[in-house]
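File shown: protein-v8.cif. Contents: mmCIF, C-alpha atoms and all ligand atoms.
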```cif
data_start
loop_
_atom_site.label_atom_id
_atom_site.label_comp_id
_atom_site.auth_asym_id
_atom_site.auth_seq_id
_atom_site.Cartn_x
_atom_site.Cartn_y
_atom_site.Cartn_z
CA MET A 1 -26.26 10.79 -23.09
CA SER A 2 -25.54 7.27 -24.38
CA LEU A 3 -24.09 6.91 -27.83
CA PHE A 4 -27.16 5.16 -29.13
CA LYS A 5 -29.34 8.08 -28.03
CA ASN A 6 -27.05 10.28 -30.13
CA VAL A 7 -27.76 8.06 -33.13
CA LEU A 8 -31.50 8.30 -32.49
CA VAL A 9 -31.41 12.10 -32.30
CA GLN A 10 -29.32 12.41 -35.47
CA PHE A 11 -31.57 9.99 -37.39
CA GLU A 12 -34.71 11.70 -36.14
CA LYS A 13 -33.60 15.21 -37.09
CA ALA A 14 -32.57 14.18 -40.58
CA ALA A 15 -35.63 11.96 -41.05
CA VAL A 16 -37.87 14.97 -40.47
CA LEU A 17 -35.95 17.06 -43.00
CA ALA A 18 -35.92 14.23 -45.54
CA ASP A 19 -39.58 13.44 -44.93
CA LEU A 20 -38.39 9.85 -44.62
CA ASP A 21 -40.89 7.05 -45.01
CA PRO A 22 -41.73 5.86 -41.44
CA ASP A 23 -41.24 2.20 -42.38
CA LEU A 24 -37.82 2.96 -43.73
CA LYS A 25 -36.95 4.87 -40.60
CA MET A 26 -38.08 1.92 -38.50
CA VAL A 27 -35.84 -0.43 -40.47
CA LEU A 28 -32.85 1.91 -40.25
CA LEU A 29 -33.12 2.20 -36.50
CA GLU A 30 -32.70 -1.54 -35.96
CA PRO A 31 -29.66 -3.67 -36.78
CA GLU A 32 -30.41 -6.71 -38.92
CA ARG A 33 -28.27 -9.02 -36.81
CA ILE A 34 -26.45 -8.83 -33.49
CA VAL A 35 -23.94 -11.48 -32.55
CA THR A 36 -22.47 -11.71 -29.04
CA VAL A 37 -19.59 -14.09 -28.43
CA LYS A 38 -17.58 -15.20 -25.43
CA VAL A 39 -14.03 -15.97 -26.43
CA PRO A 40 -11.98 -18.23 -24.15
CA VAL A 41 -8.27 -17.40 -24.31
CA LYS A 42 -5.40 -19.33 -22.78
CA MET A 43 -3.24 -16.64 -21.14
CA ASP A 44 0.56 -16.75 -20.99
CA ASN A 45 0.46 -17.58 -17.27
CA GLY A 46 -1.47 -20.78 -18.00
CA GLY A 47 -4.82 -19.37 -16.77
CA LEU A 48 -7.94 -18.98 -18.86
CA ARG A 49 -9.84 -15.73 -19.46
CA ILE A 50 -13.08 -15.20 -21.28
CA PHE A 51 -13.51 -12.05 -23.35
CA GLU A 52 -16.81 -10.70 -24.58
CA GLY A 53 -17.09 -9.62 -28.21
CA PHE A 54 -19.73 -8.40 -30.63
CA ARG A 55 -20.43 -8.12 -34.31
CA VAL A 56 -23.39 -5.98 -35.28
CA GLN A 57 -24.71 -6.10 -38.84
CA HIS A 58 -26.81 -3.03 -39.27
CA ASN A 59 -27.98 -2.85 -42.86
CA SER A 60 -27.12 -4.66 -46.11
CA ALA A 61 -29.52 -2.99 -48.56
CA ARG A 62 -26.63 -1.46 -50.51
CA GLY A 63 -24.15 -4.35 -50.22
CA PRO A 64 -22.26 -6.55 -47.74
CA TYR A 65 -21.96 -5.27 -44.19
CA LYS A 66 -18.74 -3.31 -43.75
CA GLY A 67 -17.01 -1.85 -40.74
CA GLY A 68 -14.12 -2.12 -38.35
CA ILE A 69 -13.45 -4.07 -35.19
CA ARG A 70 -12.30 -2.19 -32.11
CA TYR A 71 -10.47 -3.48 -29.07
CA HIS A 72 -11.21 -1.33 -26.03
CA GLN A 73 -12.01 -1.88 -22.39
CA ASP A 74 -15.12 0.35 -22.64
CA VAL A 75 -16.68 -1.36 -25.68
CA ASP A 76 -20.30 -2.39 -25.19
CA MET A 77 -23.15 -3.50 -27.38
CA ALA A 78 -24.83 -0.09 -27.53
CA GLU A 79 -21.59 1.48 -28.75
CA VAL A 80 -20.97 -1.16 -31.42
CA ARG A 81 -24.58 -0.88 -32.52
CA SER A 82 -24.27 2.90 -32.91
CA LEU A 83 -21.02 2.60 -34.81
CA ALA A 84 -22.57 -0.03 -37.12
CA SER A 85 -25.44 2.27 -38.03
CA TRP A 86 -23.03 5.12 -38.75
CA MET A 87 -21.19 2.77 -41.16
CA THR A 88 -24.42 2.26 -43.12
CA ILE A 89 -24.80 6.03 -43.43
CA LYS A 90 -21.11 6.57 -44.20
CA CYS A 91 -20.97 4.05 -47.07
CA ALA A 92 -24.12 5.57 -48.55
CA VAL A 93 -22.72 9.13 -48.23
CA VAL A 94 -19.66 8.26 -50.32
CA GLY A 95 -21.77 6.11 -52.65
CA ILE A 96 -19.86 2.84 -52.33
CA PRO A 97 -21.96 -0.34 -52.66
CA LEU A 98 -21.60 -1.52 -49.07
CA GLY A 99 -23.76 -1.72 -45.98
CA GLY A 100 -22.87 -1.09 -42.36
CA GLY A 101 -21.47 -3.27 -39.60
CA LYS A 102 -19.13 -3.04 -36.67
CA GLY A 103 -17.37 -5.31 -34.22
CA GLY A 104 -15.75 -4.95 -30.86
CA ILE A 105 -14.06 -6.88 -28.11
CA VAL A 106 -14.07 -5.74 -24.48
CA VAL A 107 -10.35 -5.73 -23.83
CA ASP A 108 -7.52 -3.35 -23.07
CA PRO A 109 -5.04 -4.64 -25.65
CA LYS A 110 -2.15 -2.92 -23.85
CA GLU A 111 -2.54 -5.50 -21.06
CA LEU A 112 -2.15 -8.49 -23.39
CA SER A 113 1.01 -9.99 -24.84
CA LYS A 114 1.19 -10.34 -28.61
CA GLY A 115 0.53 -14.07 -28.34
CA GLU A 116 -2.54 -13.51 -26.19
CA LEU A 117 -3.83 -10.88 -28.61
CA GLU A 118 -3.40 -13.27 -31.53
CA ARG A 119 -5.19 -16.11 -29.72
CA LEU A 120 -8.01 -13.72 -28.78
CA THR A 121 -8.36 -12.52 -32.38
CA ARG A 122 -8.34 -16.02 -33.83
CA GLY A 123 -10.87 -17.20 -31.21
CA TYR A 124 -13.17 -14.28 -32.05
CA VAL A 125 -12.93 -15.11 -35.76
CA ARG A 126 -13.85 -18.76 -35.13
CA LEU A 127 -17.01 -17.60 -33.36
CA ILE A 128 -18.12 -14.99 -35.91
CA ALA A 129 -16.99 -16.99 -38.99
CA PRO A 130 -20.52 -18.21 -39.80
CA VAL A 131 -21.71 -14.64 -40.38
CA ILE A 132 -18.73 -13.01 -42.10
CA GLY A 133 -17.24 -13.47 -45.58
CA PRO A 134 -16.22 -11.43 -48.65
CA GLU A 135 -19.79 -11.27 -49.92
CA MET A 136 -21.45 -11.07 -46.53
CA ASP A 137 -19.61 -8.99 -43.95
CA VAL A 138 -16.09 -7.63 -44.24
CA PRO A 139 -14.38 -6.35 -41.06
CA ALA A 140 -11.51 -3.84 -40.99
CA PRO A 141 -9.33 -1.99 -38.48
CA ASP A 142 -10.75 0.47 -35.98
CA VAL A 143 -9.59 1.74 -32.56
CA ASN A 144 -6.57 -0.34 -31.36
CA THR A 145 -6.62 -2.81 -34.27
CA ASP A 146 -4.17 -2.79 -37.17
CA GLY A 147 -2.88 -4.56 -40.27
CA GLU A 148 -1.28 -7.38 -38.33
CA ILE A 149 -4.54 -8.18 -36.56
CA MET A 150 -6.32 -8.09 -39.94
CA SER A 151 -3.82 -10.60 -41.34
CA TRP A 152 -4.57 -12.96 -38.41
CA ILE A 153 -8.27 -12.62 -39.24
CA ALA A 154 -7.70 -13.41 -42.93
CA ASP A 155 -5.51 -16.38 -42.04
CA GLU A 156 -7.91 -17.85 -39.46
CA TYR A 157 -10.93 -17.41 -41.71
CA SER A 158 -9.09 -18.98 -44.68
CA LYS A 159 -8.23 -22.00 -42.52
CA ILE A 160 -11.87 -22.38 -41.47
CA VAL A 161 -13.27 -22.29 -45.00
CA GLY A 162 -10.38 -24.30 -46.44
CA ARG A 163 -9.34 -21.84 -49.13
CA ASP A 164 -7.54 -18.52 -49.44
CA GLU A 165 -10.16 -15.89 -48.59
CA LYS A 166 -8.15 -12.76 -47.94
CA GLY A 167 -11.13 -10.69 -49.11
CA VAL A 168 -12.88 -11.46 -45.80
CA VAL A 169 -11.20 -8.48 -44.22
CA THR A 170 -9.63 -5.17 -45.32
CA GLY A 171 -6.81 -3.08 -43.92
CA LYS A 172 -4.39 -5.97 -44.42
CA PRO A 173 -0.68 -5.23 -44.80
CA VAL A 174 0.41 -4.52 -48.37
CA GLY A 175 1.93 -7.78 -49.65
CA GLN A 176 -0.74 -9.82 -47.89
CA GLY A 177 -3.55 -8.56 -50.05
CA GLY A 178 -3.74 -5.06 -48.60
CA SER A 179 -4.13 -1.93 -50.70
CA VAL A 180 -1.44 0.70 -50.87
CA GLY A 181 -2.75 3.87 -49.29
CA ARG A 182 -5.16 2.11 -46.87
CA ASP A 183 -3.06 3.06 -43.84
CA GLU A 184 -3.30 6.77 -44.55
CA ALA A 185 -6.75 6.66 -46.18
CA THR A 186 -8.81 8.00 -43.28
CA ALA A 187 -6.40 10.90 -42.84
CA ARG A 188 -6.02 11.63 -46.54
CA GLY A 189 -9.76 11.45 -47.17
CA GLY A 190 -10.27 13.86 -44.27
CA PHE A 191 -7.61 16.22 -45.51
CA ILE A 192 -9.11 16.30 -49.02
CA ILE A 193 -12.45 17.44 -47.61
CA LEU A 194 -11.05 19.92 -45.11
CA ASP A 195 -8.85 21.55 -47.72
CA GLU A 196 -11.73 21.80 -50.17
CA MET A 197 -13.84 23.48 -47.52
CA ARG A 198 -11.00 25.88 -46.70
CA LYS A 199 -10.86 26.90 -50.36
CA ASP A 200 -14.64 27.24 -50.52
CA GLU A 201 -14.58 29.53 -47.50
CA GLY A 202 -11.75 31.60 -48.94
CA PHE A 203 -9.12 30.96 -46.24
CA LYS A 204 -5.40 30.57 -46.83
CA ALA A 205 -3.84 27.41 -45.36
CA GLU A 206 -1.27 29.59 -43.55
CA GLU A 207 -4.10 31.31 -41.65
CA MET A 208 -5.34 28.01 -40.28
CA ARG A 209 -4.04 27.07 -36.84
CA PHE A 210 -5.23 23.66 -35.75
CA VAL A 211 -5.50 21.39 -32.73
CA MET A 212 -5.40 17.61 -33.18
CA GLN A 213 -7.20 15.75 -30.41
CA GLY A 214 -5.90 12.17 -30.70
CA PHE A 215 -2.48 11.65 -32.16
CA GLY A 216 -2.86 8.00 -33.22
CA ASN A 217 -2.50 6.70 -36.77
CA ALA A 218 -5.31 8.74 -38.35
CA GLY A 219 -4.76 11.91 -36.30
CA ALA A 220 -0.98 12.09 -36.67
CA THR A 221 -1.14 11.33 -40.40
CA MET A 222 -3.76 14.02 -40.99
CA ALA A 223 -1.71 16.50 -38.92
CA LYS A 224 1.28 15.78 -41.15
CA LEU A 225 -0.74 16.27 -44.34
CA MET A 226 -2.10 19.55 -42.99
CA VAL A 227 1.30 20.87 -41.93
CA ASP A 228 2.78 19.94 -45.32
CA ALA A 229 -0.01 21.99 -46.94
CA GLY A 230 0.79 25.05 -44.79
CA TYR A 231 -1.61 24.69 -41.83
CA LYS A 232 -0.08 25.38 -38.42
CA LEU A 233 -0.24 22.72 -35.69
CA VAL A 234 -0.65 24.49 -32.32
CA GLY A 235 -2.11 21.72 -30.13
CA ALA A 236 -2.21 17.94 -29.88
CA SER A 237 -3.27 15.35 -27.36
CA ASP A 238 -3.18 11.64 -26.65
CA SER A 239 -5.14 9.67 -24.06
CA ARG A 240 -2.80 10.95 -21.32
CA MET A 241 -2.19 14.66 -21.96
CA GLY A 242 -2.78 17.66 -24.21
CA ILE A 243 0.05 19.95 -25.34
CA TYR A 244 -0.32 23.45 -26.75
CA CYS A 245 2.12 26.00 -28.17
CA ALA A 246 0.85 29.15 -29.92
CA GLU A 247 4.11 29.46 -31.90
CA GLY A 248 3.56 26.00 -33.37
CA LEU A 249 4.48 22.39 -32.68
CA ASP A 250 6.88 20.31 -34.76
CA VAL A 251 4.75 17.55 -36.28
CA ASP A 252 7.70 15.34 -37.26
CA GLU A 253 9.14 15.55 -33.77
CA LEU A 254 5.78 14.65 -32.23
CA MET A 255 5.35 11.71 -34.61
CA ALA A 256 8.81 10.40 -33.73
CA PHE A 257 8.07 10.91 -30.01
CA LYS A 258 4.82 8.91 -30.25
CA ALA A 259 6.45 6.23 -32.43
CA SER A 260 8.94 5.63 -29.61
CA GLY A 261 5.98 4.46 -27.53
CA ASP A 262 5.95 7.48 -25.23
CA ASN A 263 2.94 9.63 -24.32
CA PHE A 264 2.50 13.40 -24.10
CA ALA A 265 2.48 13.39 -20.28
CA ASN A 266 6.25 12.84 -20.61
CA TYR A 267 6.77 15.37 -23.40
CA ASP A 268 9.14 17.94 -21.99
CA ASN A 269 9.55 21.22 -23.81
CA PRO A 270 9.59 24.57 -21.96
CA ARG A 271 7.67 26.30 -24.78
CA VAL A 272 4.78 23.86 -24.49
CA GLU A 273 1.80 24.19 -22.16
CA LYS A 274 0.45 20.91 -20.78
CA ILE A 275 -3.33 20.59 -20.60
CA GLU A 276 -5.20 17.86 -18.77
CA GLY A 277 -8.38 16.10 -19.88
CA ARG A 278 -10.41 17.69 -22.62
CA GLY A 279 -9.03 21.20 -22.03
CA ILE A 280 -7.23 21.11 -25.37
CA LEU A 281 -10.60 21.36 -27.14
CA GLU A 282 -11.10 24.89 -25.86
CA LYS A 283 -7.74 26.30 -26.94
CA GLU A 284 -7.34 29.03 -29.54
CA CYS A 285 -7.31 27.71 -33.14
CA GLU A 286 -9.24 27.88 -36.42
CA VAL A 287 -9.69 24.13 -36.91
CA LEU A 288 -10.31 21.57 -34.19
CA VAL A 289 -9.80 18.02 -35.44
CA LEU A 290 -11.41 15.37 -33.24
CA ALA A 291 -9.48 12.16 -33.83
CA ALA A 292 -9.90 10.37 -30.50
CA LEU A 293 -13.11 8.76 -29.26
CA GLU A 294 -16.81 9.55 -29.14
CA ASN A 295 -18.63 12.15 -26.97
CA GLN A 296 -15.74 14.59 -26.67
CA VAL A 297 -17.54 17.85 -27.43
CA ASP A 298 -20.73 17.98 -25.37
CA SER A 299 -23.02 20.60 -23.86
CA GLY A 300 -20.42 21.19 -21.13
CA ASN A 301 -17.59 22.37 -23.37
CA ALA A 302 -19.19 23.29 -26.73
CA HIS A 303 -19.49 26.94 -25.65
CA GLY A 304 -15.75 27.03 -25.03
CA VAL A 305 -14.70 25.77 -28.46
CA LYS A 306 -12.80 28.59 -30.21
CA ALA A 307 -12.40 26.92 -33.61
CA LYS A 308 -14.45 27.98 -36.64
CA ILE A 309 -14.39 24.46 -38.04
CA VAL A 310 -14.78 21.25 -36.04
CA PHE A 311 -13.63 18.25 -38.03
CA GLU A 312 -14.76 14.77 -36.94
CA LEU A 313 -12.04 12.33 -37.91
CA ALA A 314 -13.25 10.00 -35.11
CA ASN A 315 -16.73 8.48 -35.04
CA GLY A 316 -19.34 10.28 -32.95
CA PRO A 317 -17.09 12.82 -31.17
CA THR A 318 -19.76 15.57 -31.00
CA THR A 319 -23.02 15.04 -29.09
CA PRO A 320 -26.31 16.30 -30.58
CA ASP A 321 -26.57 18.96 -27.82
CA ALA A 322 -23.12 20.21 -28.72
CA ASP A 323 -24.07 20.15 -32.40
CA ASP A 324 -26.90 22.58 -31.67
CA ILE A 325 -24.68 24.87 -29.60
CA LEU A 326 -21.97 24.92 -32.27
CA LYS A 327 -24.55 25.62 -34.97
CA ASP A 328 -25.94 28.58 -33.00
CA ARG A 329 -22.43 29.91 -32.55
CA GLY A 330 -21.71 29.66 -36.30
CA VAL A 331 -19.12 26.88 -35.95
CA ARG A 332 -19.12 24.50 -38.93
CA VAL A 333 -18.99 20.79 -38.08
CA ILE A 334 -17.70 18.43 -40.77
CA PRO A 335 -19.49 15.24 -39.73
CA ASP A 336 -17.81 11.86 -39.18
CA VAL A 337 -19.92 10.07 -41.79
CA LEU A 338 -18.27 12.26 -44.41
CA ALA A 339 -15.05 13.36 -42.70
CA ASN A 340 -13.60 9.92 -41.97
CA ALA A 341 -15.13 8.01 -44.90
CA GLY A 342 -11.76 7.83 -46.69
CA GLY A 343 -10.89 4.73 -44.66
CA VAL A 344 -13.83 2.64 -45.73
CA THR A 345 -13.53 3.97 -49.28
CA VAL A 346 -10.03 2.56 -49.66
CA SER A 347 -11.26 -0.60 -47.90
CA TYR A 348 -13.71 -0.89 -50.77
CA PHE A 349 -10.81 -0.44 -53.21
CA GLU A 350 -9.02 -3.25 -51.38
CA MET A 351 -12.05 -5.52 -51.84
CA LEU A 352 -12.08 -4.77 -55.58
CA GLN A 353 -8.35 -5.45 -55.89
CA ASN A 354 -8.67 -8.75 -53.97
CA LYS A 355 -11.54 -9.85 -56.17
CA ASP A 356 -9.65 -9.13 -59.41
CA ASP A 357 -6.27 -10.15 -57.97
CA ASN A 358 -5.01 -6.99 -59.63
CA TYR A 359 -3.30 -4.33 -57.54
CA TRP A 360 -3.32 -0.57 -58.06
CA ASN A 361 -0.47 1.86 -57.48
CA GLU A 362 -0.46 4.73 -55.01
CA GLN A 363 -1.40 7.35 -57.57
CA GLU A 364 -4.41 5.35 -58.77
CA VAL A 365 -5.63 4.92 -55.19
CA ARG A 366 -5.18 8.63 -54.42
CA ASP A 367 -6.90 9.77 -57.62
CA LYS A 368 -9.89 7.50 -57.09
CA LEU A 369 -10.13 8.47 -53.41
CA THR A 370 -9.96 12.18 -54.25
CA LYS A 371 -12.71 11.85 -56.82
CA ILE A 372 -15.05 10.01 -54.42
CA MET A 373 -14.40 12.34 -51.48
CA LEU A 374 -14.88 15.53 -53.51
CA GLU A 375 -18.09 14.24 -55.08
CA ALA A 376 -19.41 13.24 -51.65
CA TYR A 377 -18.54 16.63 -50.19
CA ALA A 378 -20.23 18.46 -53.06
CA GLY A 379 -23.37 16.31 -52.69
CA VAL A 380 -23.54 16.82 -48.94
CA ARG A 381 -23.04 20.55 -49.28
CA LYS A 382 -25.72 20.81 -51.95
CA HIS A 383 -28.25 18.93 -49.83
CA ALA A 384 -27.39 20.99 -46.75
CA GLU A 385 -27.78 24.27 -48.62
CA LYS A 386 -31.06 23.22 -50.20
CA HIS A 387 -32.56 22.54 -46.75
CA SER A 388 -30.66 25.31 -44.89
CA ALA A 389 -29.32 22.45 -42.81
CA THR A 390 -26.02 21.48 -41.22
CA LEU A 391 -23.50 19.36 -43.09
CA ARG A 392 -24.41 16.44 -40.82
CA GLU A 393 -28.03 16.75 -41.84
CA GLY A 394 -26.92 17.15 -45.47
CA ALA A 395 -24.95 13.91 -45.21
CA TYR A 396 -27.93 12.04 -43.78
CA LEU A 397 -30.15 13.41 -46.54
CA VAL A 398 -27.78 12.03 -49.19
CA ALA A 399 -27.58 8.69 -47.37
CA PHE A 400 -31.34 8.38 -46.85
CA GLU A 401 -31.99 9.02 -50.55
CA ARG A 402 -29.57 6.27 -51.56
CA LEU A 403 -30.78 3.85 -48.90
CA ALA A 404 -34.42 4.46 -49.77
CA GLU A 405 -33.70 3.72 -53.40
CA ALA A 406 -31.86 0.49 -52.53
CA MET A 407 -34.56 -0.67 -50.14
CA ASP A 408 -37.36 0.13 -52.59
CA LEU A 409 -35.60 -1.88 -55.26
N1 LIG B 1 -13.14 1.62 -38.87
C1 LIG B 1 -13.18 2.52 -39.99
C2 LIG B 1 -14.42 3.38 -39.93
O1 LIG B 1 -14.99 3.61 -38.89
C3 LIG B 1 -12.99 1.79 -41.31
C4 LIG B 1 -14.02 0.78 -41.67
C5 LIG B 1 -13.69 -0.05 -42.88
O2 LIG B 1 -12.71 0.21 -43.55
O3 LIG B 1 -14.47 -0.97 -43.14
O4 LIG B 1 -14.83 3.93 -40.92
#
```

Output the file's structure as structure tokens, nothing else.
Amino acid sequence: MSLFKNVLVQFEKAAVLADLDPDLKMVLLEPERIVTVKVPVKMDNGGLRIFEGFRVQHNSARGPYKGGIRYHQDVDMAEVRSLASWMTIKCAVVGIPLGGGKGGIVVDPKELSKGELERLTRGYVRLIAPVIGPEMDVPAPDVNTDGEIMSWIADEYSKIVGRDEKGVVTGKPVGQGGSVGRDEATARGGFIILDEMRKDEGFKAEEMRFVMQGFGNAGATMAKLMVDAGYKLVGASDSRMGIYCAEGLDVDELMAFKASGDNFANYDNPRVEKIEGRGILEKECEVLVLAALENQVDSGNAHGVKAKIVFELANGPTTPDADDILKDRGVRVIPDVLANAGGVTVSYFEMLQNKDDNYWNEQEVRDKLTKIMLEAYAGVRKHAEKHSATLREGAYLVAFERLAEAMDL
């Protein structure tokens, strides 16, 4: 099923529960603006290549469009459009005054030199500059984009408008207008919610074995936070290979291994079982954290998931069919629009700090993030319980209420 179909099914299910006004539903199913660009880039070998890119602005009823930019060879318009609509829901779930947007460029960044990547980024900014800005649409990092790329965006945009406009983008390096704690925000926000749920369900951290699918920035950082709190890491994967060890994996060692630029296909340890493809998702554990890409748990493997809790640190990793299967099997899914909202929440903090030119310390960021995440979790849970619904449906109910109010006004 295409990603956009997933969005339609999720919207439809929640719209029925919420008894959502049909006009509102119609508006929420369409992005307000779609921009497609073709970015010419002079390559290091002297040749020219043209890259396709998108920026989708889904909904601005609650504030400026907000959402990351991903660089991936499989990016397409339908994907970016789906991700943009999830950003609208996500910002409403955590109650920050922002709308939803998303960008993407069809490129495998591993094939480009740093210079080529910078020229591509700057070229993309020149083409989307008319529709972005601190009060209009504020991009951020997503898959394969990072602080350095964000600082190129801020610099290029500032040159275009002829003044310092670092607030045009978030996820910048600290020292260039970034917020402390933004790097770890997605992971920390996720951990706050997972740990709250664990307490609610009456489990001890030490009883929780977990598998981390996707050991990039967000996944590895969340794994570290979980291990430090007593959870046991038994499985991990990157785009090349899964590794599993019932006695436990050493998170620091794995982080150092990945930081060296290596991948798990080359991870040699006699105690560790190597697992190809998505096999890692069906290994024995209590918590399965999905921190890779979309459509990972589907109707083909949902029956094999052993975890009691599936945690969506990535966007869209569980298909609606799989959602139904997991629900029937009593597996709790903590949905992306709540689970990974810590990232955009600290992006919002970054926007506030840029506006005031006043910067917060780590403790302030953590305290404010914790408050927002816990309130969002409580609200989602309450709505889910009231309607005997899943947490995903609960999250949509919260978001629809807030969006309806904004659109009515
Ligand atoms: N790309 C992240 C997400 O999907 C962060 C977006 C942002 O900070 O604007 O939530």

What's the 9 Å shell around region 243-257 of chain A, counting only C-alpha atoms, without same-chain residues fewer than 6 positions away, as a list in words?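 With the cut-off at 9 Å, the set is Arg209, Val211, Phe215, Ala220, Thr221, Ala223, Lys224, Val227, Lys232, Leu233, Val234, Gly235, Ala236, Ser237, Asn263, Phe264, Ala265, Tyr267, Arg271, Val272, Glu273, Lys274, Ile275, Glu276, Ile280, Lys283, Glu284 and Cys285 of chain A.
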
Selection from above, C-alpha atoms, as a PDB file, in the coordinates of the input, can you write it?
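File produced: again_3.pdb:
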```pdb
ATOM      1  CA  ARG A 209      -4.040  27.070 -36.840  1.00  0.00           C
ATOM      2  CA  VAL A 211      -5.500  21.390 -32.730  1.00  0.00           C
ATOM      3  CA  PHE A 215      -2.480  11.650 -32.160  1.00  0.00           C
ATOM      4  CA  ALA A 220      -0.980  12.090 -36.670  1.00  0.00           C
ATOM      5  CA  THR A 221      -1.140  11.330 -40.400  1.00  0.00           C
ATOM      6  CA  ALA A 223      -1.710  16.500 -38.920  1.00  0.00           C
ATOM      7  CA  LYS A 224       1.280  15.780 -41.150  1.00  0.00           C
ATOM      8  CA  VAL A 227       1.300  20.870 -41.930  1.00  0.00           C
ATOM      9  CA  LYS A 232      -0.080  25.380 -38.420  1.00  0.00           C
ATOM     10  CA  LEU A 233      -0.240  22.720 -35.690  1.00  0.00           C
ATOM     11  CA  VAL A 234      -0.650  24.490 -32.320  1.00  0.00           C
ATOM     12  CA  GLY A 235      -2.110  21.720 -30.130  1.00  0.00           C
ATOM     13  CA  ALA A 236      -2.210  17.940 -29.880  1.00  0.00           C
ATOM     14  CA  SER A 237      -3.270  15.350 -27.360  1.00  0.00           C
ATOM     15  CA  ASN A 263       2.940   9.630 -24.320  1.00  0.00           C
ATOM     16  CA  PHE A 264       2.500  13.400 -24.100  1.00  0.00           C
ATOM     17  CA  ALA A 265       2.480  13.390 -20.280  1.00  0.00           C
ATOM     18  CA  TYR A 267       6.770  15.370 -23.400  1.00  0.00           C
ATOM     19  CA  ARG A 271       7.670  26.300 -24.780  1.00  0.00           C
ATOM     20  CA  VAL A 272       4.780  23.860 -24.490  1.00  0.00           C
ATOM     21  CA  GLU A 273       1.800  24.190 -22.160  1.00  0.00           C
ATOM     22  CA  LYS A 274       0.450  20.910 -20.780  1.00  0.00           C
ATOM     23  CA  ILE A 275      -3.330  20.590 -20.600  1.00  0.00           C
ATOM     24  CA  GLU A 276      -5.200  17.860 -18.770  1.00  0.00           C
ATOM     25  CA  ILE A 280      -7.230  21.110 -25.370  1.00  0.00           C
ATOM     26  CA  LYS A 283      -7.740  26.300 -26.940  1.00  0.00           C
ATOM     27  CA  GLU A 284      -7.340  29.030 -29.540  1.00  0.00           C
ATOM     28  CA  CYS A 285      -7.310  27.710 -33.140  1.00  0.00           C
TER      29      CYS A 285
END
```

For ligand LIG 1 (chain B), which of A:Leu28, A:Val337, A:Val310, A:Met373 is the closest residue, counting all atoms listed in the file? A:Val337

Show me which residues sit within 9 Å of ligand LIG 1 (chain B) when counting all atoms listed in the file, and put them as a short mmCIF file (atom, residue, chain, number, x, y, z; two decimals) with C-alpha atoms, keeping the file's coordinate frame.
```cif
data_model
loop_
_atom_site.label_atom_id
_atom_site.label_comp_id
_atom_site.auth_asym_id
_atom_site.auth_seq_id
_atom_site.Cartn_x
_atom_site.Cartn_y
_atom_site.Cartn_z
CA TYR A 65 -21.96 -5.27 -44.19
CA LYS A 66 -18.74 -3.31 -43.75
CA GLY A 67 -17.01 -1.85 -40.74
CA GLY A 68 -14.12 -2.12 -38.35
CA ILE A 69 -13.45 -4.07 -35.19
CA ARG A 70 -12.30 -2.19 -32.11
CA LEU A 83 -21.02 2.60 -34.81
CA ALA A 84 -22.57 -0.03 -37.12
CA TRP A 86 -23.03 5.12 -38.75
CA MET A 87 -21.19 2.77 -41.16
CA LYS A 90 -21.11 6.57 -44.20
CA CYS A 91 -20.97 4.05 -47.07
CA GLY A 100 -22.87 -1.09 -42.36
CA GLY A 101 -21.47 -3.27 -39.60
CA LYS A 102 -19.13 -3.04 -36.67
CA VAL A 138 -16.09 -7.63 -44.24
CA PRO A 139 -14.38 -6.35 -41.06
CA ALA A 140 -11.51 -3.84 -40.99
CA PRO A 141 -9.33 -1.99 -38.48
CA ASP A 142 -10.75 0.47 -35.98
CA VAL A 143 -9.59 1.74 -32.56
CA VAL A 169 -11.20 -8.48 -44.22
CA THR A 170 -9.63 -5.17 -45.32
CA GLY A 171 -6.81 -3.08 -43.92
CA ARG A 182 -5.16 2.11 -46.87
CA THR A 186 -8.81 8.00 -43.28
CA ALA A 314 -13.25 10.00 -35.11
CA ASN A 315 -16.73 8.48 -35.04
CA ASP A 336 -17.81 11.86 -39.18
CA VAL A 337 -19.92 10.07 -41.79
CA ASN A 340 -13.60 9.92 -41.97
CA ALA A 341 -15.13 8.01 -44.90
CA GLY A 342 -11.76 7.83 -46.69
CA GLY A 343 -10.89 4.73 -44.66
CA VAL A 344 -13.83 2.64 -45.73
CA THR A 345 -13.53 3.97 -49.28
CA VAL A 346 -10.03 2.56 -49.66
CA SER A 347 -11.26 -0.60 -47.90
CA TYR A 348 -13.71 -0.89 -50.77
#
```

Would you mind telling me which residue in A:Asp357, A:Asn59, A:Pro22, A:Arg49 lies nearest to Glu165 (chain A) when using only C-alpha atoms?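 Residue with the minimum atom-to-atom distance to Glu165 (chain A): A:Asp357.
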
To one decimal in Å, tell me the separation between CA of Asp238 (chain A) and CA of Tyr71 (chain A). 17.0 Å

Step by step: start from the point (-23.1, 14.1, -50.0) in the file's coordinates, keep every protein, DNA or RNA residue that has an atom no farther than 7 Å from it, count all atoms listed in the file, and write the set as a PyMOL selection string. chain A and resi 93-94+376-381+394-395+398

Point out the residue among A:Ile325, A:Val39, A:Ala384, A:Met222 with the least atom-to-atom distance to Glu312 (chain A), counting only C-alpha atoms.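 The shortest atom-to-atom distance to Glu312 (chain A) comes from A:Met222.
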
So that I can check the surroundings of Leu3 (chain A), please list as a VMD selection string every protein, DNA and RNA residue that reaches within 10 Å of it, counting all atoms listed in the file and ignoring chain neighbours fewer than 4 positions away. chain A and resid 7 to 8 78 to 83 294 to 295 316 to 317 319
